[in-house]
Structures are given as C-alpha cells and as structure tokens.
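**Student:** Please find data07.cif (mmCIF, C-alpha atoms) on the next line:
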data_query
loop_
_atom_site.label_atom_id
_atom_site.label_comp_id
_atom_site.auth_asym_id
_atom_site.auth_seq_id
_atom_site.Cartn_x
_atom_site.Cartn_y
_atom_site.Cartn_z
CA MET A 7 38.73 124.89 -25.73
CA SER A 8 39.79 123.89 -22.24
CA ALA A 9 43.37 123.01 -21.38
CA ARG A 10 41.94 119.67 -20.23
CA SER A 11 42.22 118.50 -23.85
CA ARG A 12 45.83 119.66 -24.19
CA LYS A 13 48.38 116.91 -24.91
CA VAL A 14 52.06 117.58 -24.16
CA PRO A 15 55.30 115.55 -24.09
CA ALA A 16 55.78 113.26 -21.11
CA HIS A 17 58.60 115.43 -19.75
CA LEU A 18 56.11 118.31 -19.44
CA ALA A 19 53.67 116.30 -17.38
CA GLY A 20 52.34 118.32 -14.48
CA LEU A 21 53.31 121.70 -15.92
CA VAL A 22 50.26 122.72 -17.92
CA VAL A 23 48.46 125.65 -16.35
CA GLU A 24 44.77 124.88 -16.28
CA PRO A 25 42.35 127.79 -16.75
CA GLU A 26 39.82 128.25 -13.99
CA PRO A 27 36.19 127.50 -14.93
CA SER A 28 35.41 131.06 -13.82
CA PRO A 29 37.69 134.06 -13.13
CA ALA A 30 40.11 133.16 -10.36
CA PRO A 31 39.84 135.17 -7.14
CA SER A 32 42.42 137.85 -6.47
CA GLY A 33 45.62 136.48 -5.02
CA SER A 34 45.39 133.07 -6.72
CA THR A 35 47.34 131.40 -9.50
CA PRO A 36 46.16 128.86 -12.07
CA SER A 37 46.57 125.24 -11.05
CA VAL A 38 48.84 122.65 -12.68
CA ARG A 39 48.11 119.06 -13.61
CA ALA A 40 49.52 115.99 -15.35
CA THR A 41 48.67 115.33 -19.02
CA PRO A 42 49.28 112.48 -21.47
CA ALA A 43 52.13 112.51 -23.99
CA ARG A 44 51.79 114.29 -27.33
CA THR A 45 51.97 112.17 -30.47
CA SER A 46 53.17 112.85 -34.02
CA GLY A 47 50.72 114.09 -36.65
CA ILE A 48 52.77 112.73 -39.56
CA ASP A 49 51.17 109.82 -41.42
CA ALA A 50 53.47 106.94 -42.39
CA PRO A 51 56.81 108.54 -41.39
CA HIS A 52 60.01 107.16 -42.87
CA ASP A 53 61.31 106.23 -39.38
CA ALA A 54 58.59 106.30 -36.71
CA SER A 55 60.99 105.65 -33.81
CA VAL A 56 63.25 108.60 -34.70
CA LEU A 57 60.26 110.87 -35.16
CA ALA A 58 58.82 109.81 -31.78
CA HIS A 59 62.16 110.62 -30.15
CA ILE A 60 62.20 114.09 -31.72
CA VAL A 61 58.64 114.83 -30.60
CA ALA A 62 59.40 113.72 -27.04
CA ALA A 63 62.61 115.77 -26.88
CA THR A 64 61.06 119.21 -27.29
CA PRO A 65 57.90 121.15 -26.41
CA SER A 66 58.19 122.87 -29.82
CA ARG A 67 55.54 122.14 -32.43
CA VAL A 68 57.39 119.61 -34.58
CA ALA A 69 55.80 116.86 -36.68
CA ALA A 70 52.38 118.45 -36.32
CA GLY A 71 51.20 117.30 -39.72
CA ARG A 72 48.59 119.04 -41.86
CA THR A 73 45.32 118.63 -43.66
CA GLY A 74 45.75 120.15 -47.08
CA THR A 75 47.15 123.62 -46.37
CA ARG A 76 45.69 123.78 -42.86
CA TYR A 77 46.52 122.65 -39.36
CA ARG A 78 44.98 119.42 -38.23
CA THR A 79 42.05 119.92 -35.87
CA GLN A 80 44.09 118.61 -32.93
CA SER A 81 46.90 121.10 -33.62
CA TYR A 82 44.42 123.95 -33.81
CA LEU A 83 42.84 122.96 -30.50
CA GLU A 84 46.27 122.68 -28.87
CA LEU A 85 47.15 126.18 -30.07
CA ARG A 86 43.92 127.52 -28.56
CA ALA A 87 44.61 125.76 -25.26
CA ASP A 88 48.22 126.96 -25.12
CA HIS A 89 47.14 130.52 -25.84
CA ALA A 90 44.73 130.29 -22.91
CA ILE A 91 47.56 129.05 -20.67
CA ALA A 92 49.73 132.03 -21.62
CA LYS A 93 46.89 134.50 -21.03
CA ASP A 94 46.13 132.96 -17.64
CA ALA A 95 49.78 133.32 -16.63
CA VAL A 96 49.87 137.02 -17.60
CA HIS A 97 46.74 137.82 -15.59
CA ALA A 98 47.53 135.60 -12.57
CA SER A 99 48.45 136.97 -9.14
CA ILE A 100 50.87 135.82 -6.46
CA PRO A 101 49.04 133.81 -3.75
CA ARG A 102 48.35 135.91 -0.66
CA GLU A 103 50.38 133.71 1.68
CA THR A 104 53.57 133.61 -0.42
CA ALA A 105 55.44 136.45 1.29
CA ALA A 106 54.88 135.03 4.76
CA ARG A 107 55.74 131.52 3.60
CA LEU A 108 59.06 132.66 2.14
CA GLY A 109 59.91 135.15 4.90
CA CYS A 110 59.80 138.19 2.61
CA ILE A 111 58.86 141.82 3.06
CA GLU A 112 55.91 142.33 0.72
CA VAL A 113 55.80 145.45 -1.43
CA VAL A 114 53.83 146.60 -4.45
CA SER A 115 54.59 148.91 -7.35
CA ARG A 116 52.60 152.01 -8.18
CA CYS A 117 50.13 149.88 -10.17
CA PRO A 118 46.73 149.69 -8.43
CA ASP A 119 45.64 146.57 -10.35
CA ARG A 120 46.73 144.09 -13.00
CA GLU A 121 45.14 145.95 -15.91
CA HIS A 122 47.02 149.12 -15.01
CA TYR A 123 50.21 147.07 -14.68
CA LEU A 124 49.86 145.72 -18.23
CA LEU A 125 48.98 149.08 -19.76
CA HIS A 126 51.46 151.33 -17.89
CA PRO A 127 54.86 149.59 -17.59
CA ASN A 128 56.62 152.59 -16.06
CA ASP A 129 54.44 152.43 -12.94
CA GLY A 130 55.66 148.86 -12.42
CA ARG A 131 59.22 150.21 -12.12
CA ARG A 132 58.59 152.30 -9.00
CA LEU A 133 57.40 151.47 -5.49
CA SER A 134 54.14 152.80 -4.14
CA SER A 135 54.58 155.41 -1.42
CA GLU A 136 53.31 152.97 1.23
CA SER A 137 55.73 150.26 0.11
CA ARG A 138 58.60 152.72 0.05
CA ALA A 139 57.97 153.66 3.67
CA LEU A 140 57.60 149.99 4.69
CA LEU A 141 60.80 148.93 2.97
CA ASP A 142 62.75 151.89 4.32
CA ARG A 143 61.68 150.89 7.83
CA ASP A 144 61.92 147.08 7.68
CA GLY A 145 64.37 146.41 4.85
CA THR A 146 68.10 145.74 5.14
CA HIS A 147 70.13 148.84 4.36
CA GLY A 148 73.65 148.54 2.97
CA ALA A 149 73.72 144.80 2.22
CA ASP A 150 76.00 143.52 -0.52
CA VAL A 151 73.05 141.91 -2.31
CA GLN A 152 69.30 142.46 -2.22
CA VAL A 153 67.20 139.59 -3.56
CA ILE A 154 63.74 140.44 -4.91
CA LEU A 155 61.09 137.90 -5.90
CA ALA A 156 58.39 139.23 -8.22
CA ASP A 157 55.45 138.23 -10.37
CA GLY A 158 56.51 139.90 -13.61
CA LEU A 159 54.41 138.68 -16.52
CA ALA A 160 53.91 135.15 -15.18
CA ALA A 161 53.12 134.86 -11.47
CA PRO A 162 52.90 131.02 -11.66
CA ALA A 163 56.64 130.99 -12.40
CA LEU A 164 57.35 132.49 -9.00
CA ASP A 165 54.94 130.15 -7.27
CA ARG A 166 56.57 127.15 -8.93
CA ASN A 167 60.28 128.06 -8.80
CA GLY A 168 60.58 130.65 -6.01
CA PRO A 169 60.54 128.28 -3.00
CA ALA A 170 63.60 126.44 -4.34
CA LEU A 171 65.35 129.45 -5.87
CA LEU A 172 65.35 131.77 -2.84
CA PRO A 173 67.23 129.53 -0.37
CA SER A 174 69.59 128.37 -3.12
CA LEU A 175 70.42 131.97 -4.02
CA THR A 176 70.92 133.03 -0.42
CA ALA A 177 73.24 130.11 0.30
CA ALA A 178 75.22 130.57 -2.93
CA LEU A 179 75.76 134.28 -2.27
CA GLN A 180 76.78 133.72 1.34
CA ARG A 181 79.28 131.04 0.31
CA ARG A 182 80.99 133.74 -1.73
CA GLY A 183 81.29 135.98 1.33
CA LEU A 184 78.46 138.36 0.38
CA SER A 185 75.93 139.72 2.84
CA VAL A 186 72.29 139.27 1.78
CA GLY A 187 69.44 141.55 2.81
CA ARG A 188 66.06 140.35 3.99
CA PRO A 189 64.28 139.16 0.82
CA VAL A 190 61.58 141.25 -0.77
CA LEU A 191 58.49 140.03 -2.61
CA ALA A 192 57.12 142.54 -5.09
CA ARG A 193 53.71 142.50 -6.72
CA MET A 194 53.01 143.95 -10.17
CA ALA A 195 56.72 144.47 -10.70
CA ARG A 196 58.73 145.19 -13.82
CA VAL A 197 62.47 144.52 -14.01
CA GLY A 198 63.22 148.19 -13.31
CA LEU A 199 61.71 147.96 -9.82
CA GLN A 200 65.06 146.51 -8.71
CA ASP A 201 66.59 149.93 -9.43
CA ASP A 202 64.18 151.72 -7.09
CA ILE A 203 64.67 149.12 -4.36
CA GLY A 204 68.45 149.02 -4.73
CA VAL A 205 68.80 152.80 -4.50
CA LEU A 206 66.44 153.02 -1.51
CA LEU A 207 68.32 150.33 0.45
CA GLY A 208 71.82 151.28 -0.71
CA SER A 209 72.62 147.76 -1.92
CA LYS A 210 75.80 147.02 -3.85
CA ALA A 211 73.82 144.74 -6.18
CA THR A 212 70.25 143.61 -6.69
CA LEU A 213 68.77 140.45 -8.14
CA ILE A 214 65.15 140.43 -9.25
CA CYS A 215 63.69 137.00 -9.97
CA LEU A 216 60.45 137.24 -11.90
CA GLY A 217 58.18 135.43 -14.32
CA GLU A 218 59.10 135.72 -17.98
CA ARG A 219 56.65 136.85 -20.66
CA PRO A 220 54.98 133.49 -21.44
CA GLY A 221 55.04 131.75 -24.77
CA LEU A 222 52.32 129.38 -25.92
CA GLY A 223 51.68 126.90 -23.12
CA THR A 224 54.59 128.10 -20.96
CA GLY A 225 53.67 130.17 -17.95
CA ASP A 226 56.18 128.77 -15.46
CA SER A 227 59.52 130.16 -16.69
CA MET A 228 61.51 132.57 -14.50
CA SER A 229 64.43 134.94 -15.14
CA ILE A 230 66.99 136.58 -12.84
CA TYR A 231 68.14 140.11 -13.68
CA ILE A 232 71.34 141.20 -11.94
CA ALA A 233 72.25 144.87 -11.43
CA VAL A 234 75.54 146.03 -9.91
CA ALA A 235 75.77 149.54 -8.42
CA PRO A 236 72.03 150.07 -9.00
CA ARG A 237 70.64 153.44 -9.96
CA LEU A 238 67.25 154.62 -11.18
CA ASP A 239 66.46 153.69 -14.78
CA GLN A 240 69.70 151.75 -15.12
CA ASP A 241 70.11 150.59 -18.72
CA ASN A 242 69.52 146.90 -19.37
CA ALA A 243 72.90 146.74 -21.11
CA GLU A 244 74.41 147.21 -17.63
CA LYS A 245 72.53 144.19 -16.29
CA ASN A 246 72.99 140.46 -16.67
CA CYS A 247 70.13 138.03 -17.19
CA ILE A 248 69.72 134.31 -16.55
CA SER A 249 66.53 133.03 -18.18
CA ASN A 250 64.48 129.85 -18.68
CA ILE A 251 64.58 128.80 -15.03
CA ARG A 252 62.03 125.99 -14.97
CA PRO A 253 61.92 122.18 -14.77
CA GLN A 254 62.45 121.88 -18.55
CA GLY A 255 65.25 124.47 -18.56
CA LEU A 256 67.76 125.59 -15.93
CA SER A 257 67.14 124.29 -12.42
CA PRO A 258 66.81 126.84 -9.57
CA GLU A 259 69.94 125.41 -7.94
CA LYS A 260 72.11 125.82 -11.06
CA ALA A 261 70.65 129.26 -11.75
CA ALA A 262 71.51 130.32 -8.20
CA GLU A 263 75.15 129.29 -8.61
CA GLU A 264 75.46 131.11 -11.94
CA ALA A 265 73.82 134.23 -10.53
CA ALA A 266 76.07 134.24 -7.45
CA ASP A 267 79.17 133.96 -9.64
CA ILE A 268 78.06 136.93 -11.76
CA VAL A 269 77.25 139.03 -8.69
CA ALA A 270 80.58 138.29 -7.01
CA ARG A 271 82.50 139.17 -10.19
CA GLY A 272 80.39 142.27 -10.74
CA ILE A 273 80.85 143.65 -7.24
CA ALA A 274 84.58 143.02 -7.42
CA ALA A 275 84.79 144.78 -10.81
CA GLY A 276 82.33 147.54 -9.91
CA ARG A 277 80.25 146.97 -13.04
CA GLY A 278 77.86 144.53 -14.67
CA GLY A 279 76.21 143.73 -17.97
CA LEU A 280 78.20 144.00 -21.21
CA ALA A 281 81.08 145.75 -19.47
CA LEU A 282 81.48 142.80 -17.12
CA ALA A 283 81.24 140.28 -19.95
CA ARG A 284 84.09 142.01 -21.79
CA SER A 285 86.35 142.26 -18.74
#
Go ahead and render the structure in this file as structure tokens.
**Tutor:**
Amino acid sequence: MSARSRKVPAHLAGLVVEPEPSPAPSGSTPSVRATPARTSGIDAPHDASVLAHIVAATPSRVAAGRTGTRYRTQSYLELRADHAIAKDAVHASIPRETAARLGCIEVVSRCPDREHYLLHPNDGRRLSSESRALLDRDGTHGADVQVILADGLAAPALDRNGPALLPSLTAALQRRGLSVGRPVLARMARVGLQDDIGVLLGSKATLICLGERPGLGTGDSMSIYIAVAPRLDQDNAEKNCISNIRPQGLSPEKAAEEAADIVARGIAAGRGGLALARS
C-alpha cells in the first residue's frame, strides 16, 4: 500500500513521508506532500461535530471504528502506509549537500553503512578515524558549546527542522554570553557521539540534535540532547533532552530557547541531567 492513499488530519498536511517507487539513491531523503483530512470511522456518532473536532485535534488513531472485531479496511491500509513511512525514515540518509548548505563540518561515525548502523549501535557513538582527524584540525577547540546536527533514526527530521533550528540555537546561546563552535553535521550518529566530539574538542557542553526513533507515520520529529562537562560514555541520566521538535510539536525557535536556558544553567552549575533538575 502506497502512502499516496494515506489520509491524515488537516494540520498534518505536507508532512507525510512518501516512499520512493524504487530504493532511493544514497544521500537522499523521502519526499513530503500534502494529503486530505482524515475522517471518523464511527457510524452515527452521538455528536458528530464534537467527534470531528477530536479527530482533527490529534494524529492519534481515535474514532477509527471497526467491522466486527476487526479494523476497517481503511484503518488497516493506513497502518500499512504509516509503517512504510516509519521504515523509510529509519533507512533514509542526509542529503549530500546539507553540510555545505548549513556551514557544518561533516563527520561520520565508525559505521560504514546504514545496515551496520542499525545493527551495531556502539559504532554510532564513536567517530571514524578520518573524521576524528578532520574535526581535530578544522573544529573549534575549547568553545563553551558545540552544536552537532545528526541523522539519528530519522534523517528527514534533520532535513525538515535543522535549517531553522541551527541558527536559532546559535543565536540563543550567544545571547546568553556563550561561545559556540563551528557546527558539526554527523552521519550515522547515535546520541553518544556527542561525548566523543565533546571530549575531542574540549567543549564545556555539547548539544546533539537528531531524528527521533519514528512512530507510525512520523518520521520528522527531532530531539536535542544536552551534555555538560562531556566525557566518553556519559550516562543519559546526566543529560537533558528536549523532544518532539516538529511542526505539530515544539517549534525549532522555542526548542532553541529552552535548550539555551538549560545549557547556561548547566555550565554555571557544572552539571546537567537529573542533578541539574534537582538543583
């Protein structure tokens, strides 16, 4: 079932990732398109106007209806289409021109390809030897904050939100008197890659902005993980996370302000994560 038959709420128009008719070439991401509004599957509801409002207010599967003990055919087809969207997001790559377009140093983890990345998470937490040498030479050493853009498990999220998030983050951090290193774009990266980069560059804090693990039909959501005083294999309890950065969630501009506040507080306190939340 193609995503071309997928119906979503009006407020999700333009955000459905459309599978390619054949495997997409390396360095490409699935396209997005507009789709018609989803309708209720409930026959003769008590209050049709209230039900329509509920359906339009959430991308969750409410008021789907049923046929006996089964999904309706339309619901089943939508599930198949949304599953395809999530799979496409996981296997997608960052477009080749993204690093140059955003003014980033491009690095890659130790993963030689996407399949290896999915099967061996630890290799996504360390830089390749070539990238380590490149970043050591061209990166900014000793900055207060190092911003990293990455694909994570949904490269389309970076392609969709990164161009607005990066300048907003840089400006928000600088307004708080923090120096910001030259941004880095990392391919096949796990959250822990920020530890390797932060230690190499001697940054006081790192922010890695990467695609979240997609749910059904959502391959465009981004998270920011914030690490203060980075070290290798830093526990996630020592990090802060801002998630659901996407048009239907938190805007890049608001996420940038929240992240900059956390970083400024963390650097001042010398700690992050749960310890910062309790201070």
**Student:** Using only C-alpha atoms, what does the table of range 50-104 of chain A residues within 10 Å of range 207-230 of chain A look like, with each row giving the shortest atom pair and its distance in Å to one decimal, sorted by chain and ascending number, as CSV?
**Tutor:**
residue,atom,partner,partner_atom,distance
A:Pro65,CA,A:Gly223,CA,9.1
A:Ser66,CA,A:Leu222,CA,9.6
A:Glu84,CA,A:Gly223,CA,9.0
A:Leu85,CA,A:Leu222,CA,7.4
A:Arg86,CA,A:Leu222,CA,9.0
A:Ala87,CA,A:Gly223,CA,7.5
A:Asp88,CA,A:Gly223,CA,4.0
A:His89,CA,A:Leu222,CA,5.3
A:Ala90,CA,A:Gly223,CA,7.7
A:Ile91,CA,A:Gly223,CA,5.3
A:Ala92,CA,A:Pro220,CA,5.5
A:Lys93,CA,A:Pro220,CA,8.2
A:Asp94,CA,A:Gly225,CA,8.0
A:Ala95,CA,A:Gly225,CA,5.2
A:Val96,CA,A:Pro220,CA,7.3
A:Ala98,CA,A:Gly225,CA,9.8
**Student:** From the set A:Leu125, A:Leu179, A:Val205, A:Ala105, which residue has the shortest atom-to-atom contact distance to Asp142 in chain A, counting only C-alpha atoms?
**Tutor:**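 When distances to Asp142 in chain A are compared using only C-alpha atoms, the smallest one comes from A:Val205.
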**Student:** Mind checking which residues fall within 12 Å of Ser135 in chain A, counting all atoms listed in the file, ignoring those fewer than 3 positions away in the same chain, and posting them as a list in words?
**Tutor:**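 Everything that qualifies: Val113, Val114, Ser115, Arg116, Cys117, Pro118, Asp129, Arg132, Arg138, Ala139, Leu140, Leu141, Asp142 and Asp202 of chain A.
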**Student:** Do you know which residues are at most 6 Å from range 171-177 of chain A counting all atoms listed in the file, after dropping those on the same chain fewer than 6 positions away, and could you put them as a ChimeraX atom specification?
**Tutor:** /A:258-259,262
**Student:** One decimal, Å: what's the distance from CA of Tyr77 in chain A over to CA of Leu159 in chain A, could you say?
**Tutor:** 29.0 Å
**Student:** Mind checking which residues fall within 7 Å of Arg237 in chain A, counting all atoms listed in the file, ignoring those fewer than 2 positions away in the same chain, and posting them as a ChimeraX atom specification?
**Tutor:** /A:201,205,235,239-240
**Student:** Using CA of Arg271 in chain A and CA of Asp150 in chain A as the two end points, give the distance in Å to one decimal.
**Tutor:**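 CA of Asp150 in chain A lies at a distance of 12.4 Å from CA of Arg271 in chain A.
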**Student:** On this structure, the PyMOL selection byres ((chain A and resi 193) around 6) would catch which residues? List them as a VMD selection string, sorted by chain and number.
**Tutor:** chain A and resid 114 156 to 157 192 194 to 195
**Student:** Suppose a student applies the PyMOL selection byres ((chain A and resi 109) around 10) to this structure; what residues should they get, written as a list of chain:residue names?
**Tutor:**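 The output of the PyMOL selection byres ((chain A and resi 109) around 10) on this file is A:Thr104, A:Ala105, A:Ala106, A:Arg107, A:Leu108, A:Cys110, A:Ile111, A:Glu112, A:Arg188, A:Pro189, A:Val190, A:Leu191.
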**Student:** Rank nothing, just name the residue among A:Ile268, A:Ala163, A:Leu238, A:Leu199 nearest to Ala283 in chain A, using only C-alpha atoms.
**Tutor:** A:Ile268
**Student:** So how many Å separate CA of Leu256 in chain A and CA of Val269 in chain A, to one decimal?
**Tutor:**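 Calculated distance between CA of Leu256 in chain A and CA of Val269 in chain A is 18.0 Å.
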**Student:** Neighbouring residues of Ala243 in chain A were defined as those with any atom within 12 Å, considering only C-alpha atoms; residues of the same chain fewer than 4 positions away were excluded. Please report them as a PyMOL selection string.
**Tutor:** chain A and resi 231-234+239+247+277-283
**Student:** For Arg67 in chain A, which of A:Gly255, A:Gly183, A:Gly47, A:Gly168 is the closest residue, counting all atoms listed in the file?
**Tutor:**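 Checking each of A:Gly255, A:Gly183, A:Gly47, A:Gly168 against Arg67 in chain A, counting all atoms listed in the file, the winner is A:Gly47.
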**Student:** So which one's closest to Ala274 in chain A, A:Arg182, A:Arg102, A:His122, A:Arg196? Using only C-alpha atoms, please.
**Tutor:**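 When distances to Ala274 in chain A are compared using only C-alpha atoms, the smallest one comes from A:Arg182.
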**Student:** Hey, which of A:Ile203, A:Thr73, A:Ala170, A:Val61 ends up closest to Pro253 in chain A? Count only C-alpha atoms.
**Tutor:**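 Checking each of A:Ile203, A:Thr73, A:Ala170, A:Val61 against Pro253 in chain A, counting only C-alpha atoms, the winner is A:Ala170.
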**Student:** Which of these residues is nearest to Ile60 in chain A, using only C-alpha atoms: A:Ser46, A:His97, A:Gly74, A:Gly148?
**Tutor:**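 Checking each of A:Ser46, A:His97, A:Gly74, A:Gly148 against Ile60 in chain A, counting only C-alpha atoms, the winner is A:Ser46.
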**Student:** Quick one: range 201-224 of chain A with N, CA and C atoms, as a PDB file, in the coordinates of the input?
**Tutor:**
ATOM      1  N   ASP A 201      65.826 148.690  -9.529  1.00  0.00           N
ATOM      2  CA  ASP A 201      66.590 149.930  -9.430  1.00  0.00           C
ATOM      3  C   ASP A 201      66.094 150.770  -8.258  1.00  0.00           C
ATOM      4  N   ASP A 202      64.785 150.920  -8.167  1.00  0.00           N
ATOM      5  CA  ASP A 202      64.180 151.720  -7.090  1.00  0.00           C
ATOM      6  C   ASP A 202      64.515 151.108  -5.733  1.00  0.00           C
ATOM      7  N   ILE A 203      64.401 149.792  -5.629  1.00  0.00           N
ATOM      8  CA  ILE A 203      64.670 149.120  -4.360  1.00  0.00           C
ATOM      9  C   ILE A 203      66.157 149.190  -4.008  1.00  0.00           C
ATOM     10  N   GLY A 204      67.015 148.980  -4.988  1.00  0.00           N
ATOM     11  CA  GLY A 204      68.450 149.020  -4.730  1.00  0.00           C
ATOM     12  C   GLY A 204      68.936 150.374  -4.271  1.00  0.00           C
ATOM     13  N   VAL A 205      68.417 151.440  -4.889  1.00  0.00           N
ATOM     14  CA  VAL A 205      68.800 152.800  -4.500  1.00  0.00           C
ATOM     15  C   VAL A 205      68.275 153.112  -3.094  1.00  0.00           C
ATOM     16  N   LEU A 206      67.029 152.752  -2.819  1.00  0.00           N
ATOM     17  CA  LEU A 206      66.440 153.020  -1.510  1.00  0.00           C
ATOM     18  C   LEU A 206      67.232 152.348  -0.386  1.00  0.00           C
ATOM     19  N   LEU A 207      67.646 151.091  -0.595  1.00  0.00           N
ATOM     20  CA  LEU A 207      68.320 150.330   0.450  1.00  0.00           C
ATOM     21  C   LEU A 207      69.846 150.470   0.408  1.00  0.00           C
ATOM     22  N   GLY A 208      70.376 151.105  -0.625  1.00  0.00           N
ATOM     23  CA  GLY A 208      71.820 151.280  -0.710  1.00  0.00           C
ATOM     24  C   GLY A 208      72.564 149.974  -0.906  1.00  0.00           C
ATOM     25  N   SER A 209      72.000 149.067  -1.674  1.00  0.00           N
ATOM     26  CA  SER A 209      72.620 147.760  -1.920  1.00  0.00           C
ATOM     27  C   SER A 209      73.728 147.879  -2.967  1.00  0.00           C
ATOM     28  N   LYS A 210      74.748 147.047  -2.838  1.00  0.00           N
ATOM     29  CA  LYS A 210      75.800 147.020  -3.850  1.00  0.00           C
ATOM     30  C   LYS A 210      75.308 146.374  -5.140  1.00  0.00           C
ATOM     31  N   ALA A 211      74.381 145.426  -5.011  1.00  0.00           N
ATOM     32  CA  ALA A 211      73.820 144.740  -6.180  1.00  0.00           C
ATOM     33  C   ALA A 211      72.414 144.266  -5.844  1.00  0.00           C
ATOM     34  N   THR A 212      71.596 144.152  -6.868  1.00  0.00           N
ATOM     35  CA  THR A 212      70.250 143.610  -6.690  1.00  0.00           C
ATOM     36  C   THR A 212      70.018 142.484  -7.683  1.00  0.00           C
ATOM     37  N   LEU A 213      69.218 141.523  -7.259  1.00  0.00           N
ATOM     38  CA  LEU A 213      68.770 140.450  -8.140  1.00  0.00           C
ATOM     39  C   LEU A 213      67.250 140.420  -8.085  1.00  0.00           C
ATOM     40  N   ILE A 214      66.596 140.574  -9.213  1.00  0.00           N
ATOM     41  CA  ILE A 214      65.150 140.430  -9.250  1.00  0.00           C
ATOM     42  C   ILE A 214      64.813 139.168 -10.034  1.00  0.00           C
ATOM     43  N   CYS A 215      64.056 138.299  -9.393  1.00  0.00           N
ATOM     44  CA  CYS A 215      63.690 137.000  -9.970  1.00  0.00           C
ATOM     45  C   CYS A 215      62.199 137.055 -10.280  1.00  0.00           C
ATOM     46  N   LEU A 216      61.851 137.043 -11.548  1.00  0.00           N
ATOM     47  CA  LEU A 216      60.450 137.240 -11.900  1.00  0.00           C
ATOM     48  C   LEU A 216      60.036 136.400 -13.094  1.00  0.00           C
ATOM     49  N   GLY A 217      58.716 136.234 -13.243  1.00  0.00           N
ATOM     50  CA  GLY A 217      58.180 135.430 -14.320  1.00  0.00           C
ATOM     51  C   GLY A 217      58.416 136.060 -15.677  1.00  0.00           C
ATOM     52  N   GLU A 218      58.864 135.241 -16.625  1.00  0.00           N
ATOM     53  CA  GLU A 218      59.100 135.720 -17.980  1.00  0.00           C
ATOM     54  C   GLU A 218      57.774 135.906 -18.722  1.00  0.00           C
ATOM     55  N   ARG A 219      57.798 136.731 -19.747  1.00  0.00           N
ATOM     56  CA  ARG A 219      56.650 136.850 -20.660  1.00  0.00           C
ATOM     57  C   ARG A 219      56.394 135.459 -21.241  1.00  0.00           C
ATOM     58  N   PRO A 220      55.201 134.886 -21.041  1.00  0.00           N
ATOM     59  CA  PRO A 220      54.980 133.490 -21.440  1.00  0.00           C
ATOM     60  C   PRO A 220      54.840 133.314 -22.943  1.00  0.00           C
ATOM     61  N   GLY A 221      55.327 132.174 -23.415  1.00  0.00           N
ATOM     62  CA  GLY A 221      55.040 131.750 -24.770  1.00  0.00           C
ATOM     63  C   GLY A 221      53.819 130.845 -24.750  1.00  0.00           C
ATOM     64  N   LEU A 222      53.485 130.253 -25.871  1.00  0.00           N
ATOM     65  CA  LEU A 222      52.320 129.380 -25.920  1.00  0.00           C
ATOM     66  C   LEU A 222      52.512 128.182 -24.996  1.00  0.00           C
ATOM     67  N   GLY A 223      51.648 128.055 -24.012  1.00  0.00           N
ATOM     68  CA  GLY A 223      51.680 126.900 -23.120  1.00  0.00           C
ATOM     69  C   GLY A 223      52.739 126.952 -22.052  1.00  0.00           C
ATOM     70  N   THR A 224      53.529 128.027 -21.963  1.00  0.00           N
ATOM     71  CA  THR A 224      54.590 128.100 -20.960  1.00  0.00           C
ATOM     72  C   THR A 224      54.386 129.318 -20.072  1.00  0.00           C
TER      73      THR A 224
END
